[in-house]
>>> print(open('coords06.txt').read())   # compact mmCIF, C-alpha atoms and all ligand atoms
# COMPACT_ATOMS: atom_id res chain seq x y z
CA MET A 37 116.69 220.73 28.35
CA GLU A 38 113.30 222.42 28.39
CA ALA A 39 110.42 220.12 27.39
CA ARG A 40 108.64 221.02 24.16
CA LYS A 41 105.34 222.77 24.88
CA PRO A 42 102.22 221.58 23.07
CA SER A 43 101.41 224.15 20.38
CA SER A 44 98.25 226.23 20.55
CA PRO A 45 95.77 226.44 17.66
CA ASP A 46 97.02 230.02 17.03
CA THR A 47 100.64 228.98 16.49
CA ASP A 48 99.52 226.08 14.26
CA LEU A 49 97.80 228.49 11.91
CA ASN A 50 101.06 230.41 11.55
CA ARG A 51 103.20 227.31 11.00
CA VAL A 52 101.71 224.81 8.61
CA SER A 53 104.18 222.05 7.71
CA PRO A 54 104.89 221.73 3.98
CA VAL A 55 103.61 218.59 2.23
CA ASN A 56 106.09 217.14 -0.31
CA ILE A 57 106.05 214.12 -2.61
CA CYS A 58 109.12 211.90 -2.98
CA THR A 59 109.30 209.35 -5.79
CA ALA A 60 111.56 207.62 -8.30
CA MET A 61 109.98 207.04 -11.72
CA CYS A 62 111.10 205.30 -14.90
CA ASP A 63 111.37 207.87 -17.70
CA SER A 64 110.13 205.53 -20.45
CA ASN A 65 106.92 204.11 -18.90
CA ARG A 66 106.31 206.00 -15.58
CA GLY A 67 106.92 202.73 -13.67
CA ILE A 68 107.65 202.99 -9.93
CA GLY A 69 107.25 199.40 -8.73
CA LEU A 70 107.48 195.77 -9.81
CA GLY A 71 106.39 192.92 -7.55
CA GLU A 72 107.94 193.40 -4.13
CA GLY A 73 110.29 196.23 -5.08
CA PHE A 74 111.54 198.76 -7.62
CA PRO A 75 111.64 198.03 -11.37
CA TRP A 76 115.40 198.79 -11.53
CA PRO A 77 118.43 197.36 -9.73
CA SER A 78 119.57 198.97 -6.46
CA LEU A 79 120.57 202.66 -6.86
CA LYS A 80 122.80 203.47 -3.89
CA GLY A 81 122.97 207.20 -4.66
CA ASP A 82 119.19 207.49 -4.88
CA TYR A 83 118.68 205.57 -1.63
CA GLU A 84 121.07 207.92 0.20
CA TYR A 85 119.41 210.94 -1.43
CA TYR A 86 115.79 210.10 -0.63
CA THR A 87 116.37 208.76 2.87
CA GLY A 88 118.35 211.94 3.69
CA LEU A 89 115.69 214.17 2.16
CA THR A 90 112.68 212.54 3.80
CA GLN A 91 114.17 212.01 7.27
CA ARG A 92 115.94 215.35 7.66
CA THR A 93 114.90 217.96 10.23
CA SER A 94 116.61 221.31 10.82
CA ASP A 95 115.99 221.00 14.57
CA PRO A 96 117.02 217.64 16.12
CA SER A 97 114.03 217.69 18.48
CA MET A 98 111.58 217.90 15.57
CA LYS A 99 110.07 215.11 13.42
CA VAL A 100 108.83 214.49 9.89
CA VAL A 101 105.66 212.60 9.03
CA GLN A 102 105.95 210.02 6.26
CA ILE A 103 102.63 209.02 4.66
CA LYS A 104 102.57 205.61 2.92
CA GLY A 105 100.07 203.09 1.61
CA ARG A 106 100.02 199.68 3.31
CA ARG A 107 102.03 197.86 0.58
CA THR A 108 104.77 200.52 0.52
CA TRP A 109 104.99 200.35 4.33
CA MET A 110 105.28 196.55 4.28
CA LEU A 111 108.09 196.75 1.68
CA THR A 112 110.03 199.39 3.67
CA GLY A 113 113.27 198.15 5.29
CA GLU A 114 113.47 197.95 9.09
CA LYS A 115 116.17 200.65 9.34
CA GLU A 116 113.94 203.12 7.47
CA LYS A 117 110.84 202.12 9.45
CA ASP A 118 112.70 202.77 12.72
CA ALA A 119 114.33 206.11 11.76
CA ALA A 120 114.20 208.22 14.94
CA SER A 121 113.09 211.41 13.18
CA VAL A 122 110.14 209.78 11.39
CA ILE A 123 106.49 209.48 12.43
CA ASN A 124 105.01 206.74 10.22
CA VAL A 125 101.39 207.35 9.18
CA ILE A 126 100.03 204.47 7.10
CA ILE A 127 96.85 204.40 5.01
CA SER A 128 95.10 201.04 5.41
CA SER A 129 91.78 199.48 6.32
CA THR A 130 93.45 196.19 7.31
CA LEU A 131 96.57 197.02 9.38
CA ARG A 132 96.46 197.14 13.17
CA GLU A 133 98.11 200.11 14.90
CA GLY A 134 100.23 197.97 17.29
CA SER A 135 101.49 195.58 14.58
CA HIS A 136 104.98 197.18 14.42
CA ARG A 137 106.90 199.21 17.03
CA SER A 138 107.39 202.09 14.57
CA LEU A 139 103.88 202.14 13.10
CA HIS A 140 102.66 205.32 14.79
CA LYS A 141 99.26 205.88 13.21
CA VAL A 142 96.93 203.98 10.87
CA VAL A 143 94.34 206.01 8.95
CA THR A 144 91.87 205.07 6.21
CA SER A 145 92.34 207.97 3.76
CA PHE A 146 94.94 210.48 2.54
CA ASP A 147 92.93 213.42 3.92
CA GLU A 148 92.88 211.76 7.34
CA ALA A 149 96.68 211.30 7.15
CA VAL A 150 97.24 215.01 6.40
CA HIS A 151 94.74 215.99 9.09
CA TYR A 152 96.62 213.89 11.65
CA ALA A 153 99.94 215.55 10.69
CA VAL A 154 98.55 219.09 10.76
CA SER A 155 96.02 218.90 13.60
CA GLY A 156 96.78 215.72 15.58
CA PRO A 157 98.29 215.51 19.08
CA ARG A 158 101.90 215.57 17.76
CA ARG A 159 101.39 218.56 15.41
CA GLY A 160 103.74 220.77 17.45
CA GLU A 161 106.76 218.54 16.77
CA ILE A 162 106.23 218.05 13.01
CA GLU A 163 108.52 219.99 10.67
CA ALA A 164 107.55 218.49 7.30
CA ILE A 165 105.21 215.93 5.74
CA TRP A 166 106.49 213.52 3.06
CA VAL A 167 104.26 211.48 0.76
CA MET A 168 106.07 208.23 -0.07
CA GLY A 169 103.58 206.28 -2.29
CA GLY A 170 102.17 204.07 -3.77
CA THR A 171 100.02 205.05 -6.73
CA HIS A 172 96.74 206.18 -5.11
CA VAL A 173 98.55 207.93 -2.29
CA TYR A 174 100.58 209.86 -4.89
CA GLU A 175 97.41 210.61 -6.86
CA ASN A 176 95.72 212.01 -3.75
CA ALA A 177 98.77 214.18 -3.02
CA ILE A 178 99.02 215.53 -6.58
CA ASN A 179 95.40 216.68 -6.25
CA HIS A 180 95.78 218.09 -2.72
CA PRO A 181 96.32 221.89 -2.58
CA MET A 182 98.62 221.63 0.45
CA CYS A 183 101.08 219.52 -1.52
CA GLN A 184 103.44 222.09 -3.05
CA ARG A 185 106.58 220.20 -4.05
CA LEU A 186 107.52 217.00 -5.84
CA TYR A 187 111.04 215.56 -5.53
CA LEU A 188 111.41 213.16 -8.42
CA THR A 189 114.27 210.83 -9.33
CA ARG A 190 114.01 210.27 -13.07
CA VAL A 191 115.40 206.83 -13.93
CA PHE A 192 116.49 206.36 -17.54
CA GLY A 193 116.22 203.07 -19.43
CA THR A 194 113.48 200.50 -20.00
CA PHE A 195 112.23 198.48 -17.03
CA ASP A 196 109.10 196.34 -16.66
CA ALA A 197 106.74 197.70 -14.01
CA ASP A 198 103.33 196.88 -12.56
CA VAL A 199 102.82 200.09 -10.53
CA PHE A 200 102.99 203.54 -12.14
CA PHE A 201 103.29 207.22 -11.16
CA PRO A 202 100.19 209.30 -12.01
CA LYS A 203 100.25 212.27 -14.40
CA PHE A 204 101.43 215.38 -12.59
CA GLU A 205 102.86 217.50 -15.43
CA GLU A 206 99.76 219.69 -15.85
CA LYS A 207 99.79 220.67 -12.18
CA PHE A 208 103.51 221.06 -11.43
CA LYS A 209 106.42 222.83 -13.13
CA LYS A 210 110.11 221.95 -12.90
CA ILE A 211 112.24 224.33 -10.83
CA SER A 212 115.87 224.42 -9.83
CA ASP A 213 116.53 223.93 -6.15
CA LEU A 214 119.98 224.94 -4.91
CA LYS A 215 119.99 222.00 -2.47
CA VAL A 216 119.43 219.46 -5.29
CA ASP A 217 121.82 219.04 -8.21
CA GLY A 218 120.16 217.78 -11.38
CA GLU A 219 123.33 216.23 -12.84
CA PRO A 220 122.96 212.75 -14.34
CA ARG A 221 124.31 209.96 -12.12
CA GLU A 222 124.89 206.26 -12.59
CA ASP A 223 124.74 203.23 -10.28
CA ASN A 224 124.67 199.56 -11.29
CA GLY A 225 124.75 200.62 -14.96
CA VAL A 226 121.52 202.67 -14.57
CA ARG A 227 121.46 206.44 -15.24
CA TYR A 228 119.20 208.71 -13.18
CA GLN A 229 118.86 212.34 -12.10
CA PHE A 230 117.18 214.32 -9.34
CA GLU A 231 114.47 216.84 -10.31
CA VAL A 232 112.30 219.20 -8.25
CA TYR A 233 108.80 220.39 -9.23
CA GLU A 234 106.53 223.03 -7.70
CA ARG A 235 102.72 223.26 -7.91
CA LEU A 236 101.48 225.73 -10.52
CA ARG A 237 99.20 228.48 -9.23
CA GLU A 238 95.55 227.80 -10.06
CA MET A 239 94.16 230.26 -12.65
CA VAL A 240 90.97 231.97 -11.36
N1 LIG B 1 109.61 204.27 -6.97
C1 LIG B 1 109.14 204.78 -5.86
O1 LIG B 1 109.47 205.90 -5.49
C2 LIG B 1 108.15 204.01 -5.04
C3 LIG B 1 107.59 204.57 -3.89
C4 LIG B 1 106.66 203.84 -3.17
C5 LIG B 1 106.31 202.56 -3.59
N2 LIG B 1 106.87 202.05 -4.70
C6 LIG B 1 106.48 200.72 -5.21
O2 LIG B 1 105.07 200.76 -5.41
C7 LIG B 1 104.49 199.50 -5.04
C8 LIG B 1 103.50 199.73 -3.89
O3 LIG B 1 102.54 200.68 -4.28
P1 LIG B 1 100.98 200.29 -4.49
O4 LIG B 1 100.35 201.45 -5.19
O5 LIG B 1 100.89 198.93 -5.08
O6 LIG B 1 100.48 200.14 -3.00
P2 LIG B 1 100.35 201.15 -1.73
O7 LIG B 1 99.65 202.41 -2.09
O8 LIG B 1 101.66 201.27 -1.05
O9 LIG B 1 99.43 200.24 -0.80
C9 LIG B 1 98.12 199.91 -1.22
C10 LIG B 1 97.27 199.72 0.02
O10 LIG B 1 97.32 200.90 0.82
C11 LIG B 1 96.01 201.27 1.25
N3 LIG B 1 95.70 202.49 0.48
C12 LIG B 1 96.54 203.13 -0.37
N4 LIG B 1 95.97 204.26 -0.83
C13 LIG B 1 94.78 204.36 -0.27
C14 LIG B 1 93.75 205.34 -0.34
N5 LIG B 1 93.87 206.43 -1.09
N6 LIG B 1 92.63 205.13 0.39
C15 LIG B 1 92.53 204.04 1.16
N7 LIG B 1 93.48 203.08 1.28
C16 LIG B 1 94.59 203.24 0.58
C17 LIG B 1 95.16 200.04 0.98
O11 LIG B 1 95.43 199.19 2.09
P3 LIG B 1 94.43 198.08 2.69
O12 LIG B 1 94.31 197.03 1.62
O13 LIG B 1 95.13 197.61 3.92
O14 LIG B 1 93.13 198.79 2.97
C18 LIG B 1 95.79 199.49 -0.29
O15 LIG B 1 95.53 198.09 -0.50
C19 LIG B 1 105.65 198.60 -4.68
O16 LIG B 1 106.09 197.91 -5.83
C20 LIG B 1 106.72 199.60 -4.23
O17 LIG B 1 108.02 199.05 -4.39
C21 LIG B 1 107.78 202.74 -5.43
>>> encode(input="coords06.txt", output="structure tokens")
Amino acid sequence: MEARKPSSPDTDLNRVSPVNICTAMCDSNRGIGLGEGFPWPSLKGDYEYYTGLTQRTSDPSMKVVQIKGRRTWMLTGEKEKDAASVINVIISSTLREGSHRSLHKVVTSFDEAVHYAVSGPRRGEIEAIWVMGGTHVYENAINHPMCQRLYLTRVFGTFDADVFFPKFEEKFKKISDLKVDGEPREDNGVRYQFEVYERLREMV
């Protein structure tokens, strides 16, 4: 098989990877986390959905970048950390780059994470960029013009939480995406549904 050629600055300008947010949020209080995990019991269907979505590439030789804060990275399971299609870019001022075999890059800000994905040495093999949380990482993405889509799992019910998803409703509108069905589902007695949002055009 022919080795992938490093891309030139010209081709990079023509092929900018999309930046997407992936999250699951409690409908009643915007909660996304509690302690060392999610506020709700395990949702098998959501796990399969979001791991598929955020690890998928259309070309098997390509990769996705996942951007996470340090806590979210530390709470990620080993199978997810080691997914072959994923380049893990973690925002932290305390983590060391060699501290895990699948920790590919440590940066100190969201902008630096996006810059690495778009302009770093591996830019030619990156098909998409996924923003995986937590709160400040999501907030940075919601305010970043390159971030066009938000894939949200809306979880119904009341669950205590200590980490919350920022307001996004004034910047994004709900769309239908043929690849995502928005039908209500249920696992472990908890109802949830998949929703897709797109950034509104700025009024000038
Ligand atoms: N429901 C969901 O979809 C979802 C998704 C992700 C996470 N979660 C939950 O959310 C919680 C974790 O989120 P969290 O908000 O507490 O933590 P987090 O963002 O994952 O990690 C916080 C740490 O990341 C670094 N960091 C994050 N944003 C930064 C920024 N903008 N600039 C510089 N450094 C930054 C800092 O690391 P240093 O201290 O090392 O400098 C900070 O202490 C967990 O409960 C997890 O289960 C839920």
>>> residues_near_point(input="coords06.txt", point="(108.2, 218.9, 14.6)", cutoff="6 Å", atoms="only C-alpha atoms", output="ChimeraX atom specification")
/A:98-99,160-163
>>> residues_around(input="coords06.txt", residues="Pro75 (chain A)", least_positions_apart="3", cutoff="8 Å", atoms="all atoms listed in the file", output="PyMOL selection string")
chain A and resi 67-70+195-197
>>> residues_near_ligand(input="coords06.txt", ligand="ligand LIG 1 (chain B)", cutoff="7 Å", atoms="all atoms listed in the file", output="MDAnalysis selection string")
chainID A and resid 58:61 68:74 104:109 111 127:131 144:146 168:173 176 199
>>> closest_residue(input="coords06.txt", among="A:Ala119, A:Leu236, A:Leu89, A:Ala153", to="Ile178 (chain A)", atoms="all atoms listed in the file")
A:Leu236
>>> atom_distance(input="coords06.txt", atom1="CA of Arg66 (chain A)", atom2="CA of Pro202 (chain A)")
7.8 Å
>>> residues_near_point(input="coords06.txt", point="(104.9, 213.3, 10.2)", cutoff="8 Å", atoms="all atoms listed in the file", output="MDAnalysis selection string")
chainID A and resid 99:103 122:125 153 162:166
>>> write_last_selection(input="coords06.txt", atoms="C-alpha atoms", output="JSON list (two decimals), keeping the file's coordinate frame")
[["chain", "number", "residue", "atom", "x", "y", "z"],
["A", 99, "LYS", "CA", 110.07, 215.11, 13.42],
["A", 100, "VAL", "CA", 108.83, 214.49, 9.89],
["A", 101, "VAL", "CA", 105.66, 212.60, 9.03],
["A", 102, "GLN", "CA", 105.95, 210.02, 6.26],
["A", 103, "ILE", "CA", 102.63, 209.02, 4.66],
["A", 122, "VAL", "CA", 110.14, 209.78, 11.39],
["A", 123, "ILE", "CA", 106.49, 209.48, 12.43],
["A", 124, "ASN", "CA", 105.01, 206.74, 10.22],
["A", 125, "VAL", "CA", 101.39, 207.35, 9.18],
["A", 153, "ALA", "CA", 99.94, 215.55, 10.69],
["A", 162, "ILE", "CA", 106.23, 218.05, 13.01],
["A", 163, "GLU", "CA", 108.52, 219.99, 10.67],
["A", 164, "ALA", "CA", 107.55, 218.49, 7.30],
["A", 165, "ILE", "CA", 105.21, 215.93, 5.74],
["A", 166, "TRP", "CA", 106.49, 213.52, 3.06]]
>>> closest_residue(input="coords06.txt", among="A:Glu116, A:Glu148, A:Glu234, A:Ser138", to="Tyr83 (chain A)", atoms="only C-alpha atoms")
A:Glu116
